[in-house]
$ cat coords.cif   # mmCIF, C-alpha atoms
data_model
#
loop_
_atom_site.label_atom_id
_atom_site.label_comp_id
_atom_site.auth_asym_id
_atom_site.auth_seq_id
_atom_site.Cartn_x
_atom_site.Cartn_y
_atom_site.Cartn_z
CA MET Y 6 -75.42 -28.48 -90.66
CA LYS Y 7 -79.17 -27.91 -90.35
CA LEU Y 8 -80.40 -25.41 -87.78
CA THR Y 9 -84.12 -25.36 -88.59
CA ARG Y 10 -85.41 -26.33 -85.13
CA ASN Y 11 -82.97 -24.06 -83.31
CA ARG Y 12 -83.92 -21.13 -85.52
CA LYS Y 13 -87.56 -21.81 -84.70
CA GLN Y 14 -86.67 -21.96 -81.01
CA ASN Y 15 -84.72 -18.69 -81.21
CA ARG Y 16 -87.70 -17.03 -82.87
CA PHE Y 17 -89.86 -18.20 -79.97
CA PHE Y 18 -87.39 -16.83 -77.42
CA LYS Y 19 -87.22 -13.54 -79.29
CA ALA Y 20 -91.01 -13.29 -79.34
CA THR Y 21 -91.15 -14.01 -75.61
CA GLU Y 22 -88.23 -11.72 -74.66
CA GLY Y 23 -88.43 -10.99 -70.93
CA ILE Y 24 -90.51 -14.09 -70.17
CA PHE Y 25 -88.83 -17.23 -71.57
CA GLY Y 26 -86.10 -15.61 -73.64
CA HIS Y 27 -83.84 -13.45 -71.43
CA ASN Y 28 -86.14 -13.49 -68.40
CA VAL Y 29 -86.10 -10.15 -66.53
CA VAL Y 30 -85.17 -11.82 -63.25
CA LEU Y 31 -83.15 -14.92 -64.07
CA TYR Y 32 -81.20 -13.52 -67.01
CA SER Y 33 -81.27 -9.74 -66.62
CA GLY Y 34 -80.99 -9.77 -62.81
CA LEU Y 35 -83.73 -7.18 -62.31
CA MET Y 36 -86.19 -7.13 -59.38
CA LEU Y 37 -84.05 -9.59 -57.37
CA PRO Y 38 -84.70 -8.14 -53.87
CA TYR Y 39 -88.47 -8.60 -54.19
CA ILE Y 40 -88.10 -12.29 -54.92
CA VAL Y 41 -85.24 -13.07 -52.55
CA MET Y 42 -86.81 -11.50 -49.45
CA PRO Y 43 -90.61 -11.15 -49.41
CA ALA Y 44 -91.69 -13.85 -51.91
CA VAL Y 45 -92.03 -16.56 -49.25
CA ASN Y 46 -95.49 -17.72 -50.27
CA LEU Y 47 -97.75 -17.75 -53.29
CA LYS Y 48 -100.09 -15.01 -52.04
CA THR Y 49 -97.21 -12.59 -51.51
CA ALA Y 50 -95.80 -13.46 -54.93
CA VAL Y 51 -99.16 -12.64 -56.56
CA ALA Y 52 -99.38 -9.40 -54.56
CA LEU Y 53 -95.88 -8.44 -55.71
CA THR Y 54 -96.85 -9.10 -59.32
CA VAL Y 55 -99.93 -6.89 -58.95
CA ALA Y 56 -97.83 -4.11 -57.42
CA MET Y 57 -95.29 -4.52 -60.19
CA LEU Y 58 -98.02 -4.19 -62.86
CA PHE Y 59 -99.34 -0.90 -61.50
CA THR Y 60 -95.92 0.63 -60.76
CA VAL Y 61 -94.51 -0.23 -64.17
CA LEU Y 62 -97.71 0.91 -65.90
CA LEU Y 63 -97.68 4.36 -64.29
CA GLY Y 64 -93.89 4.66 -64.41
CA MET Y 65 -93.90 3.86 -68.12
CA ALA Y 66 -96.71 6.36 -68.79
CA ALA Y 67 -94.75 9.06 -66.97
CA GLY Y 68 -91.56 8.15 -68.84
CA TYR Y 69 -93.45 8.37 -72.12
CA LEU Y 70 -94.99 11.75 -71.33
CA VAL Y 71 -91.92 13.40 -69.83
CA SER Y 72 -89.72 13.75 -72.85
CA GLU Y 73 -87.25 15.99 -71.04
CA LYS Y 74 -83.65 15.54 -72.00
CA VAL Y 75 -82.59 16.25 -68.43
CA ASP Y 76 -82.18 13.02 -66.46
CA LEU Y 77 -83.11 14.80 -63.26
CA VAL Y 78 -86.71 15.53 -64.32
CA ARG Y 79 -87.30 12.18 -66.02
CA TYR Y 80 -86.04 10.07 -63.11
CA ILE Y 81 -88.07 12.01 -60.56
CA ALA Y 82 -91.25 11.94 -62.68
CA VAL Y 83 -91.01 8.20 -63.33
CA THR Y 84 -90.31 7.19 -59.71
CA VAL Y 85 -92.97 9.51 -58.26
CA ALA Y 86 -95.53 8.12 -60.74
CA SER Y 87 -94.60 4.57 -59.79
CA LEU Y 88 -95.10 5.49 -56.13
CA GLY Y 89 -98.65 6.37 -57.17
CA GLY Y 90 -98.84 2.91 -58.74
CA VAL Y 91 -97.90 1.37 -55.37
CA ALA Y 92 -100.72 3.32 -53.72
CA ILE Y 93 -103.24 1.97 -56.25
CA SER Y 94 -101.94 -1.59 -55.97
CA ARG Y 95 -102.61 -1.51 -52.20
CA PHE Y 96 -106.36 -1.51 -52.90
CA VAL Y 97 -106.07 -4.60 -55.11
CA ILE Y 98 -103.74 -6.41 -52.68
CA ARG Y 99 -106.25 -5.81 -49.88
CA LEU Y 100 -108.70 -7.97 -51.86
CA ILE Y 101 -106.26 -10.91 -51.82
CA SER Y 102 -105.43 -10.75 -48.10
CA THR Y 103 -104.70 -8.00 -45.58
CA GLU Y 104 -102.03 -10.12 -43.91
CA ILE Y 105 -99.82 -9.71 -46.97
CA PHE Y 106 -98.96 -6.16 -45.89
CA ASP Y 107 -97.16 -7.57 -42.83
CA THR Y 108 -95.10 -9.93 -45.01
CA LEU Y 109 -94.29 -7.25 -47.57
CA GLY Y 110 -93.28 -4.64 -44.96
CA ILE Y 111 -91.00 -2.00 -46.47
CA TYR Y 112 -90.81 -3.89 -49.77
CA LEU Y 113 -94.16 -2.55 -51.00
CA PRO Y 114 -93.19 1.16 -50.96
CA LEU Y 115 -89.77 0.11 -52.26
CA MET Y 116 -91.50 -1.08 -55.43
CA ALA Y 117 -91.47 2.58 -56.47
CA VAL Y 118 -87.72 2.33 -57.08
CA ASN Y 119 -87.61 -1.16 -58.57
CA SER Y 120 -84.93 -1.73 -61.16
CA ILE Y 121 -87.35 -2.03 -64.10
CA ILE Y 122 -88.75 1.42 -63.32
CA VAL Y 123 -85.24 2.85 -63.05
CA MET Y 124 -84.39 1.15 -66.35
CA PHE Y 125 -87.46 2.74 -68.00
CA ALA Y 126 -86.43 6.10 -66.54
CA ALA Y 127 -82.93 5.73 -67.97
CA GLN Y 128 -84.19 5.12 -71.49
CA HIS Y 129 -85.74 7.68 -73.80
CA ILE Y 130 -88.87 5.56 -74.28
CA HIS Y 131 -90.87 8.36 -75.87
CA LYS Y 132 -88.89 7.69 -79.05
CA GLU Y 133 -90.27 4.14 -79.27
CA LYS Y 134 -93.70 3.04 -80.51
CA MET Y 135 -96.35 2.87 -77.79
CA LEU Y 136 -97.35 -0.69 -78.69
CA HIS Y 137 -93.75 -1.86 -78.47
CA ILE Y 138 -93.30 -0.30 -75.02
CA VAL Y 139 -96.55 -1.79 -73.71
CA GLY Y 140 -95.45 -5.19 -75.03
CA ARG Y 141 -92.08 -4.88 -73.29
CA MET Y 142 -93.76 -3.80 -70.08
CA LEU Y 143 -96.23 -6.69 -70.08
CA ALA Y 144 -93.47 -9.18 -70.86
CA ALA Y 145 -91.46 -7.84 -67.92
CA VAL Y 146 -94.47 -8.16 -65.59
CA VAL Y 147 -95.31 -11.69 -66.79
CA GLY Y 148 -91.63 -12.76 -66.60
CA PHE Y 149 -91.37 -11.40 -63.07
CA GLY Y 150 -94.69 -12.95 -62.03
CA LEU Y 151 -93.68 -16.35 -63.38
CA VAL Y 152 -90.43 -16.45 -61.39
CA ALA Y 153 -91.98 -14.87 -58.27
CA CYS Y 154 -94.84 -17.38 -58.21
CA SER Y 155 -92.52 -20.36 -58.81
CA VAL Y 156 -90.17 -19.25 -56.01
CA GLY Y 157 -93.11 -18.41 -53.73
CA LEU Y 158 -94.67 -21.81 -54.36
CA VAL Y 159 -91.47 -23.73 -53.57
CA ARG Y 160 -90.73 -21.65 -50.46
CA GLU Y 161 -94.30 -21.94 -49.13
CA LEU Y 162 -94.20 -25.71 -49.63
CA LEU Y 163 -90.88 -25.96 -47.78
CA LEU Y 164 -91.79 -23.48 -45.06
CA THR Y 165 -95.27 -24.65 -44.09
CA GLY Y 166 -96.06 -27.56 -46.41
CA SER Y 167 -98.97 -25.66 -47.93
CA ILE Y 168 -99.99 -24.00 -51.19
CA TRP Y 169 -102.03 -20.75 -51.06
CA GLY Y 170 -102.59 -21.44 -47.36
CA VAL Y 171 -104.00 -24.95 -47.94
CA SER Y 172 -101.97 -27.67 -46.25
CA VAL Y 173 -100.74 -30.34 -48.67
CA ALA Y 174 -97.72 -31.91 -46.97
CA GLY Y 175 -96.31 -32.24 -43.44
CA VAL Y 176 -93.08 -30.40 -44.21
CA SER Y 177 -91.47 -27.68 -42.12
CA PHE Y 178 -88.16 -26.14 -43.16
CA PRO Y 179 -87.97 -22.67 -41.55
CA ALA Y 180 -84.65 -21.77 -43.21
CA ALA Y 181 -86.56 -21.50 -46.52
CA GLY Y 182 -87.76 -18.08 -45.41
CA MET Y 183 -84.25 -16.66 -44.95
CA VAL Y 184 -82.45 -14.28 -47.32
CA PHE Y 185 -79.60 -16.66 -48.14
CA PHE Y 186 -82.06 -19.39 -49.11
CA GLY Y 187 -83.76 -16.97 -51.50
CA PHE Y 188 -80.46 -16.22 -53.23
CA ILE Y 189 -79.46 -19.89 -53.44
CA LEU Y 190 -82.90 -21.01 -54.66
CA LEU Y 191 -82.87 -18.33 -57.33
CA ALA Y 192 -79.37 -19.45 -58.38
CA PHE Y 193 -80.67 -23.00 -58.86
CA PHE Y 194 -83.67 -21.71 -60.81
CA GLY Y 195 -81.35 -19.74 -63.09
CA ALA Y 196 -79.04 -22.73 -63.57
CA ALA Y 197 -82.02 -25.01 -64.31
CA VAL Y 198 -83.32 -22.64 -66.97
CA GLN Y 199 -79.87 -22.28 -68.57
CA GLY Y 200 -79.30 -26.04 -68.46
CA LEU Y 201 -82.73 -26.80 -69.92
CA ARG Y 202 -82.21 -24.31 -72.73
CA ARG Y 203 -78.85 -25.89 -73.59
CA CYS Y 204 -80.36 -29.40 -73.50
CA ILE Y 205 -83.19 -28.40 -75.86
CA MET Y 206 -80.66 -26.78 -78.20
CA ARG Y 207 -78.55 -29.95 -78.29
CA LEU Y 208 -81.60 -32.13 -78.81
CA ASN Y 209 -82.72 -29.91 -81.70
CA LEU Y 210 -79.27 -30.17 -83.27
CA ARG Y 211 -79.29 -33.95 -83.00
CA LEU Y 212 -82.79 -34.18 -84.43
CA ASP Y 213 -81.88 -31.94 -87.35
CA ASN Y 214 -78.50 -33.57 -87.93
CA PRO Y 215 -78.48 -37.28 -87.00
CA THR Y 216 -74.86 -38.30 -86.50
CA ALA Y 217 -73.22 -41.20 -88.31
CA GLU Y 218 -73.68 -43.39 -85.25
CA GLU Y 219 -77.37 -42.70 -85.14
CA LEU Y 220 -77.75 -43.33 -88.86
CA LEU Y 221 -76.03 -46.69 -88.36
CA ARG Y 222 -78.35 -47.53 -85.45
CA GLN Y 223 -81.40 -46.59 -87.50
CA GLN Y 224 -80.17 -48.83 -90.36
CA GLU Y 225 -79.64 -51.73 -87.92
CA GLU Y 226 -83.15 -51.27 -86.54
CA ARG Y 227 -84.57 -51.40 -90.06
CA MET Y 228 -82.60 -54.59 -90.76
CA VAL Y 229 -83.97 -56.23 -87.58
CA ASP Y 230 -87.51 -55.23 -88.59
CA MET C 1 -68.47 7.37 -23.71
CA GLU C 2 -72.02 6.10 -23.86
CA LEU C 3 -72.70 8.28 -26.89
CA ILE C 4 -69.65 6.87 -28.72
CA LEU C 5 -70.74 3.32 -27.91
CA GLU C 6 -74.27 4.04 -29.10
CA ILE C 7 -73.01 5.58 -32.35
CA LEU C 8 -70.68 2.62 -32.88
CA SER C 9 -73.48 0.13 -32.25
CA VAL C 10 -75.83 1.90 -34.72
CA PHE C 11 -73.03 2.05 -37.32
CA LEU C 12 -72.08 -1.62 -36.97
CA SER C 13 -75.72 -2.64 -37.00
CA ALA C 14 -76.37 -0.77 -40.25
CA ALA C 15 -73.12 -1.74 -41.97
CA LEU C 16 -72.77 -5.37 -40.94
CA LEU C 17 -75.59 -6.91 -38.93
CA GLU C 18 -78.36 -5.51 -41.12
CA ASN C 19 -76.30 -5.08 -44.26
CA MET C 20 -78.59 -3.88 -47.03
CA VAL C 21 -77.33 -6.47 -49.52
CA PHE C 22 -76.67 -9.54 -47.39
CA GLY C 23 -79.32 -8.94 -44.73
CA ARG C 24 -82.21 -7.51 -46.74
CA ALA C 25 -81.26 -8.26 -50.36
CA LEU C 26 -81.63 -4.55 -51.19
CA GLY C 27 -79.43 -2.91 -53.78
CA VAL C 28 -78.83 -6.16 -55.64
CA SER C 29 -79.44 -5.59 -59.32
CA ARG C 30 -77.67 -6.05 -62.61
CA THR C 31 -75.77 -2.81 -61.91
CA THR C 32 -74.09 -4.30 -58.85
CA LEU C 33 -73.83 -7.85 -60.14
CA VAL C 34 -72.11 -7.37 -63.47
CA GLN C 35 -69.94 -4.27 -62.99
CA GLU C 36 -66.38 -5.21 -63.83
CA LYS C 37 -64.59 -1.87 -63.72
CA ARG C 38 -63.28 -0.83 -60.33
CA ALA C 39 -63.86 2.86 -61.13
CA ASP C 40 -67.56 2.23 -61.83
CA VAL C 41 -67.97 0.30 -58.58
CA VAL C 42 -66.23 3.07 -56.62
CA ALA C 43 -68.40 5.77 -58.24
CA PHE C 44 -71.57 3.74 -57.66
CA SER C 45 -70.73 2.97 -54.02
CA LEU C 46 -69.75 6.56 -53.20
CA SER C 47 -72.98 7.84 -54.78
CA VAL C 48 -75.00 5.39 -52.67
CA LEU C 49 -73.05 6.47 -49.56
CA PHE C 50 -73.84 10.14 -50.27
CA MET C 51 -77.50 9.38 -50.95
CA CYS C 52 -77.94 7.22 -47.83
CA THR C 53 -76.31 9.78 -45.54
CA VAL C 54 -78.04 12.89 -46.90
CA SER C 55 -81.46 11.27 -47.29
CA SER C 56 -81.37 9.91 -43.72
CA VAL C 57 -80.83 13.44 -42.33
CA LEU C 58 -83.51 14.86 -44.63
CA GLY C 59 -85.82 12.00 -43.67
CA TYR C 60 -85.37 12.92 -40.01
CA GLY C 61 -86.13 16.55 -40.93
CA ILE C 62 -89.35 15.53 -42.68
CA ARG C 63 -90.39 13.41 -39.71
CA TRP C 64 -89.66 16.33 -37.37
CA LEU C 65 -91.65 18.73 -39.55
CA LEU C 66 -94.63 16.42 -39.52
CA GLY C 67 -94.37 16.28 -35.76
CA TRP C 68 -94.13 12.55 -35.82
CA PRO C 69 -95.82 10.52 -34.42
CA LYS C 70 -98.44 13.11 -33.42
CA VAL C 71 -99.88 13.51 -36.93
CA GLU C 72 -102.49 10.84 -37.64
CA ILE C 73 -101.63 9.55 -41.10
CA THR C 74 -101.31 6.01 -42.35
CA LEU C 75 -97.98 4.24 -42.38
CA PHE C 76 -97.94 4.15 -46.15
CA ALA C 77 -98.56 7.90 -46.35
CA LYS C 78 -95.57 8.45 -44.03
CA GLN C 79 -93.42 6.18 -46.18
CA ALA C 80 -94.55 7.94 -49.36
CA ILE C 81 -93.77 11.41 -47.93
CA LEU C 82 -90.30 10.19 -47.00
CA PHE C 83 -89.64 9.60 -50.67
CA LEU C 84 -89.29 13.37 -50.86
CA ALA C 85 -86.00 13.00 -48.95
CA VAL C 86 -84.67 10.70 -51.69
CA VAL C 87 -85.76 13.14 -54.40
CA ILE C 88 -84.11 16.15 -52.69
CA SER C 89 -80.89 14.16 -52.07
CA TYR C 90 -80.86 13.13 -55.73
CA CYS C 91 -81.25 16.75 -56.83
CA LEU C 92 -78.34 17.74 -54.57
CA LEU C 93 -76.12 14.94 -55.85
CA TYR C 94 -77.05 15.62 -59.46
CA LEU C 95 -76.45 19.35 -59.25
CA LEU C 96 -73.23 18.87 -57.29
CA VAL C 97 -71.69 16.23 -59.56
CA ILE C 98 -73.06 17.04 -62.99
CA LYS C 99 -73.33 20.83 -62.80
CA LYS C 100 -70.73 22.03 -60.27
CA LEU C 101 -67.91 19.49 -60.19
CA LYS C 102 -67.56 18.88 -63.90
CA ALA C 103 -64.29 17.00 -63.36
CA LEU C 104 -66.27 14.27 -61.60
CA ALA C 105 -69.03 14.15 -64.21
CA SER C 106 -67.11 11.73 -66.45
CA MET C 107 -66.56 9.31 -63.58
CA PHE C 108 -69.92 9.61 -61.82
CA GLY C 109 -72.19 10.74 -64.66
CA SER C 110 -73.33 7.32 -65.82
CA VAL C 111 -74.01 5.86 -62.38
CA VAL C 112 -75.42 8.78 -60.38
CA SER C 113 -79.07 8.18 -61.27
CA TYR C 114 -78.85 4.40 -60.92
CA ALA C 115 -77.25 4.81 -57.50
CA ALA C 116 -79.72 7.47 -56.38
CA PHE C 117 -82.75 5.32 -57.07
CA ASN C 118 -81.15 2.16 -55.77
CA GLY C 119 -83.34 0.18 -53.39
CA ALA C 120 -80.68 0.42 -50.66
CA VAL C 121 -81.10 4.20 -50.37
CA TYR C 122 -84.87 4.27 -49.86
CA GLY C 123 -84.60 1.03 -47.87
CA SER C 124 -82.15 2.46 -45.31
CA LEU C 125 -84.40 5.52 -44.96
CA LEU C 126 -87.48 3.37 -44.31
CA VAL C 127 -85.59 1.22 -41.81
CA SER C 128 -84.35 4.23 -39.83
CA THR C 129 -87.91 5.60 -39.84
CA THR C 130 -89.41 2.31 -38.67
CA LYS C 131 -86.92 2.30 -35.77
CA GLU C 132 -87.79 5.97 -35.05
CA LEU C 133 -84.13 6.94 -34.72
CA GLY C 134 -83.04 10.41 -33.56
CA LEU C 135 -80.99 12.87 -35.65
CA TRP C 136 -77.53 11.50 -34.79
CA GLN C 137 -78.64 7.91 -34.98
CA SER C 138 -80.34 8.55 -38.35
CA LEU C 139 -77.17 10.16 -39.69
CA VAL C 140 -74.95 7.32 -38.45
CA HIS C 141 -77.44 4.70 -39.67
CA GLY C 142 -77.48 6.22 -43.16
CA PHE C 143 -73.69 6.48 -43.24
CA GLY C 144 -73.38 2.90 -41.95
CA ALA C 145 -75.82 1.61 -44.58
CA GLY C 146 -73.73 3.36 -47.26
CA CYS C 147 -70.51 1.85 -45.89
CA GLY C 148 -72.21 -1.55 -45.86
CA MET C 149 -73.08 -1.06 -49.51
CA ILE C 150 -69.41 -0.24 -50.27
CA LEU C 151 -68.34 -3.43 -48.48
CA ALA C 152 -70.93 -5.50 -50.36
CA SER C 153 -69.97 -3.98 -53.73
CA ALA C 154 -66.28 -4.71 -53.06
CA LEU C 155 -67.04 -8.32 -52.12
CA ILE C 156 -69.26 -8.78 -55.19
CA LEU C 157 -66.59 -7.30 -57.49
CA THR C 158 -63.91 -9.58 -56.01
CA GLY C 159 -66.20 -12.58 -56.37
CA HIS C 160 -67.05 -11.64 -59.93
CA ARG C 161 -63.38 -11.44 -60.91
CA ARG C 162 -62.40 -14.67 -59.17
CA LEU C 163 -65.36 -16.68 -60.42
CA ASP C 164 -64.66 -15.60 -63.98
CA ILE C 165 -61.41 -17.57 -64.03
CA ARG C 166 -62.76 -20.67 -62.25
CA ASN C 167 -64.06 -23.80 -63.91
CA VAL C 168 -67.73 -23.25 -63.06
CA PRO C 169 -70.34 -25.78 -64.38
CA ARG C 170 -71.84 -24.43 -67.59
CA ALA C 171 -75.39 -24.13 -66.28
CA PHE C 172 -74.20 -21.99 -63.36
CA ARG C 173 -72.07 -19.56 -65.37
CA GLY C 174 -73.04 -15.89 -65.20
CA MET C 175 -75.90 -14.80 -62.98
CA PRO C 176 -76.56 -18.13 -61.12
CA ILE C 177 -73.04 -18.47 -59.71
CA MET C 178 -73.06 -14.83 -58.57
CA LEU C 179 -76.39 -15.37 -56.78
CA MET C 180 -75.00 -18.53 -55.19
CA TYR C 181 -71.91 -16.57 -54.05
CA ILE C 182 -74.04 -13.79 -52.52
CA GLY C 183 -76.27 -16.40 -50.86
CA ILE C 184 -73.27 -18.08 -49.23
CA LEU C 185 -71.92 -14.69 -48.07
CA ALA C 186 -75.35 -13.86 -46.63
CA LEU C 187 -75.37 -17.20 -44.79
CA ALA C 188 -71.84 -16.56 -43.48
CA LEU C 189 -72.81 -13.11 -42.20
CA TYR C 190 -75.95 -14.57 -40.64
CA GLY C 191 -73.77 -17.03 -38.73
CA LEU C 192 -71.13 -14.41 -37.89
CA VAL C 193 -73.73 -12.24 -36.20
CA GLY C 194 -74.51 -15.16 -33.90
CA HIS C 195 -77.85 -16.33 -35.23
CA ASN C 196 -78.72 -20.01 -35.26
CA LEU C 197 -80.58 -21.48 -38.16
CA PRO C 198 -84.25 -21.91 -37.26
CA THR C 199 -85.25 -25.54 -36.71
#

$ encode --input "coords.cif" --output "structure tokens"
Amino acid sequence: MKLTRNRKQNRFFKATEGIFGHNVVLYSGLMLPYIVMPAVNLKTAVALTVAMLFTVLLGMAAGYLVSEKVDLVRYIAVTVASLGGVAISRFVIRLISTEIFDTLGIYLPLMAVNSIIVMFAAQHIHKEKMLHIVGRMLAAVVGFGLVACSVGLVRELLLTGSIWGVSVAGVSFPAAGMVFFGFILLAFFGAAVQGLRRCIMRLNLRLDNPTAEELLRQQEERMVD
Amino acid sequence: MELILEILSVFLSAALLENMVFGRALGVSRTTLVQEKRADVVAFSLSVLFMCTVSSVLGYGIRWLLGWPKVEITLFAKQAILFLAVVISYCLLYLLVIKKLKALASMFGSVVSYAAFNGAVYGSLLVSTTKELGLWQSLVHGFGAGCGMILASALILTGHRRLDIRNVPRAFRGMPIMLMYIGILALALYGLVGHNLPT
């Protein structure tokens, strides 16, 4: 059995680990609260991604510098540094829109204890190469941003029928802003990604290994021609 | 009698009506979603309960020290200072479990830090601060939020075990079906509280 296309696909997923392969939100289940609750429109989703970038950047830097073996020191250093990242991100978010702060509410300061930061704090990242860590961090931010923006887009369309505040359709479905809808929507997103991945894998297998039936059909087609 | 009723109302509000997991989606991460061992779930939930209760009291102390709301500082600065309560509570829990009670270290050791920096802990603290609760109310709110987290963890563990043996469509296996399950529970709780869906 040939597996050329699937091997190529697996290499792609491995290279994009955290984004397309094992997405940080849909596969690893990290950062779920920030997508389920406050990501109700595209602007908020972008603001969350910005906040995520700064918190993870500073948290990672602190985790890299504090090479203490004691968990106590490392966890505190990483989370306090990421709180500094939240403070910086507020200046950038203000440039997008000041109204976002109302939507984000307590979720912006809560970014300081997001699960990716806690995961970084748990690992002894100072043992890894700097380039590798930065790559992992950026992949996590891009993976999160991709899911947050997709969910934000769908919810904004359903809630107000607009995209980035510009009205595009006369739809109004207020339940799209509720917590349960966020969970259910994310479940469908996860299922769609898993289903799509399986479909592509099957298609690759069929393309690499045409079954007897397909060979017969191809022969018949040639005869007709 | 009034005091008991007030305490009960704050407790029920924190544990059920505004449950951190089902009401605010806080505390939901891979740690809570995929834990299969009952002992791990118990250790995680008890750590969160300890953190929520202690940090809420410390948070009230910090607010009192700052002479809230007399001091003119931004909301974010207040929220950032409150993080100190989480840090102190974590130090207490860490020193108590890992250093003093060594018998518990094997059970709690792996989950203490994850539980301490769980979103539900800081979230409950920020909520009690936003509501400007007094000392007793803050304490009961923190304890209630912790109890709510125990309830949510138990429900998630039960769901995880039952869904594992069901014939779930392939695309939904794993994380998607768990998110669907939590979403339905959140909807049920939303209805139980007496809310109507917005139209």

$ residues_around --input "coords.cif" --residues "Ile177 (chain C)" --least-positions-apart "5" --cutoff "10 Å" --atoms "all atoms listed in the file" --output "PDB file with C-alpha atoms, keeping the file's coordinate frame"
ATOM      1  CA  ILE Y 189     -79.460 -19.890 -53.440  1.00  0.00           C
ATOM      2  CA  ALA Y 192     -79.370 -19.450 -58.380  1.00  0.00           C
ATOM      3  CA  PHE Y 193     -80.670 -23.000 -58.860  1.00  0.00           C
ATOM      4  CA  GLY Y 195     -81.350 -19.740 -63.090  1.00  0.00           C
ATOM      5  CA  ALA Y 196     -79.040 -22.730 -63.570  1.00  0.00           C
TER       6      ALA Y 196
ATOM      7  CA  GLY C 159     -66.200 -12.580 -56.370  1.00  0.00           C
ATOM      8  CA  HIS C 160     -67.050 -11.640 -59.930  1.00  0.00           C
ATOM      9  CA  LEU C 163     -65.360 -16.680 -60.420  1.00  0.00           C
ATOM     10  CA  ASP C 164     -64.660 -15.600 -63.980  1.00  0.00           C
ATOM     11  CA  VAL C 168     -67.730 -23.250 -63.060  1.00  0.00           C
ATOM     12  CA  PRO C 169     -70.340 -25.780 -64.380  1.00  0.00           C
ATOM     13  CA  ARG C 170     -71.840 -24.430 -67.590  1.00  0.00           C
ATOM     14  CA  ALA C 171     -75.390 -24.130 -66.280  1.00  0.00           C
ATOM     15  CA  PHE C 172     -74.200 -21.990 -63.360  1.00  0.00           C
ATOM     16  CA  ILE C 182     -74.040 -13.790 -52.520  1.00  0.00           C
ATOM     17  CA  GLY C 183     -76.270 -16.400 -50.860  1.00  0.00           C
TER      18      GLY C 183
END

$ resolve_selection --input "coords.cif" --expression "the PyMOL selection byres ((chain Y and resi 60-66) around 10)" --output "VMD selection string"
chain Y and resid 54 to 59 67 to 71 80 82 to 94 116 to 119 121 to 123 125 to 126 130 to 131 135 138 to 139 142 to 143 145 to 146

$ write_last_selection --input "coords.cif" --atoms "C-alpha atoms" --output "JSON list (two decimals), in the frame of the given file"
[["chain", "number", "residue", "atom", "x", "y", "z"],
["Y", 54, "THR", "CA", -96.85, -9.10, -59.32],
["Y", 55, "VAL", "CA", -99.93, -6.89, -58.95],
["Y", 56, "ALA", "CA", -97.83, -4.11, -57.42],
["Y", 57, "MET", "CA", -95.29, -4.52, -60.19],
["Y", 58, "LEU", "CA", -98.02, -4.19, -62.86],
["Y", 59, "PHE", "CA", -99.34, -0.90, -61.50],
["Y", 67, "ALA", "CA", -94.75, 9.06, -66.97],
["Y", 68, "GLY", "CA", -91.56, 8.15, -68.84],
["Y", 69, "TYR", "CA", -93.45, 8.37, -72.12],
["Y", 70, "LEU", "CA", -94.99, 11.75, -71.33],
["Y", 71, "VAL", "CA", -91.92, 13.40, -69.83],
["Y", 80, "TYR", "CA", -86.04, 10.07, -63.11],
["Y", 82, "ALA", "CA", -91.25, 11.94, -62.68],
["Y", 83, "VAL", "CA", -91.01, 8.20, -63.33],
["Y", 84, "THR", "CA", -90.31, 7.19, -59.71],
["Y", 85, "VAL", "CA", -92.97, 9.51, -58.26],
["Y", 86, "ALA", "CA", -95.53, 8.12, -60.74],
["Y", 87, "SER", "CA", -94.60, 4.57, -59.79],
["Y", 88, "LEU", "CA", -95.10, 5.49, -56.13],
["Y", 89, "GLY", "CA", -98.65, 6.37, -57.17],
["Y", 90, "GLY", "CA", -98.84, 2.91, -58.74],
["Y", 91, "VAL", "CA", -97.90, 1.37, -55.37],
["Y", 92, "ALA", "CA", -100.72, 3.32, -53.72],
["Y", 93, "ILE", "CA", -103.24, 1.97, -56.25],
["Y", 94, "SER", "CA", -101.94, -1.59, -55.97],
["Y", 116, "MET", "CA", -91.50, -1.08, -55.43],
["Y", 117, "ALA", "CA", -91.47, 2.58, -56.47],
["Y", 118, "VAL", "CA", -87.72, 2.33, -57.08],
["Y", 119, "ASN", "CA", -87.61, -1.16, -58.57],
["Y", 121, "ILE", "CA", -87.35, -2.03, -64.10],
["Y", 122, "ILE", "CA", -88.75, 1.42, -63.32],
["Y", 123, "VAL", "CA", -85.24, 2.85, -63.05],
["Y", 125, "PHE", "CA", -87.46, 2.74, -68.00],
["Y", 126, "ALA", "CA", -86.43, 6.10, -66.54],
["Y", 130, "ILE", "CA", -88.87, 5.56, -74.28],
["Y", 131, "HIS", "CA", -90.87, 8.36, -75.87],
["Y", 135, "MET", "CA", -96.35, 2.87, -77.79],
["Y", 138, "ILE", "CA", -93.30, -0.30, -75.02],
["Y", 139, "VAL", "CA", -96.55, -1.79, -73.71],
["Y", 142, "MET", "CA", -93.76, -3.80, -70.08],
["Y", 143, "LEU", "CA", -96.23, -6.69, -70.08],
["Y", 145, "ALA", "CA", -91.46, -7.84, -67.92],
["Y", 146, "VAL", "CA", -94.47, -8.16, -65.59]]

$ interface_residues --input "coords.cif" --of "chain Y" --to "chain C" --cutoff "7 Å" --atoms "only C-alpha atoms" --output "PyMOL selection string"
chain Y and resi 32-38+41-42+77+81+111+114-115+118-120+123+179-180+184-186+188-189+192-193+195-197+199-200

$ resolve_selection --input "coords.cif" --expression "the PyMOL selection byres ((chain Y and resi 108) around 9)" --output "list in words"
Pro43, Ala44, Val45, Thr49, Glu104, Ile105, Phe106, Asp107, Leu109, Gly110 and Tyr112 of chain Y

$ resolve_selection --input "coords.cif" --expression "the PyMOL selection byres ((chain C and resi 14) around 9)" --output "ChimeraX atom specification"
/C:9-13,15-20,124,140-148
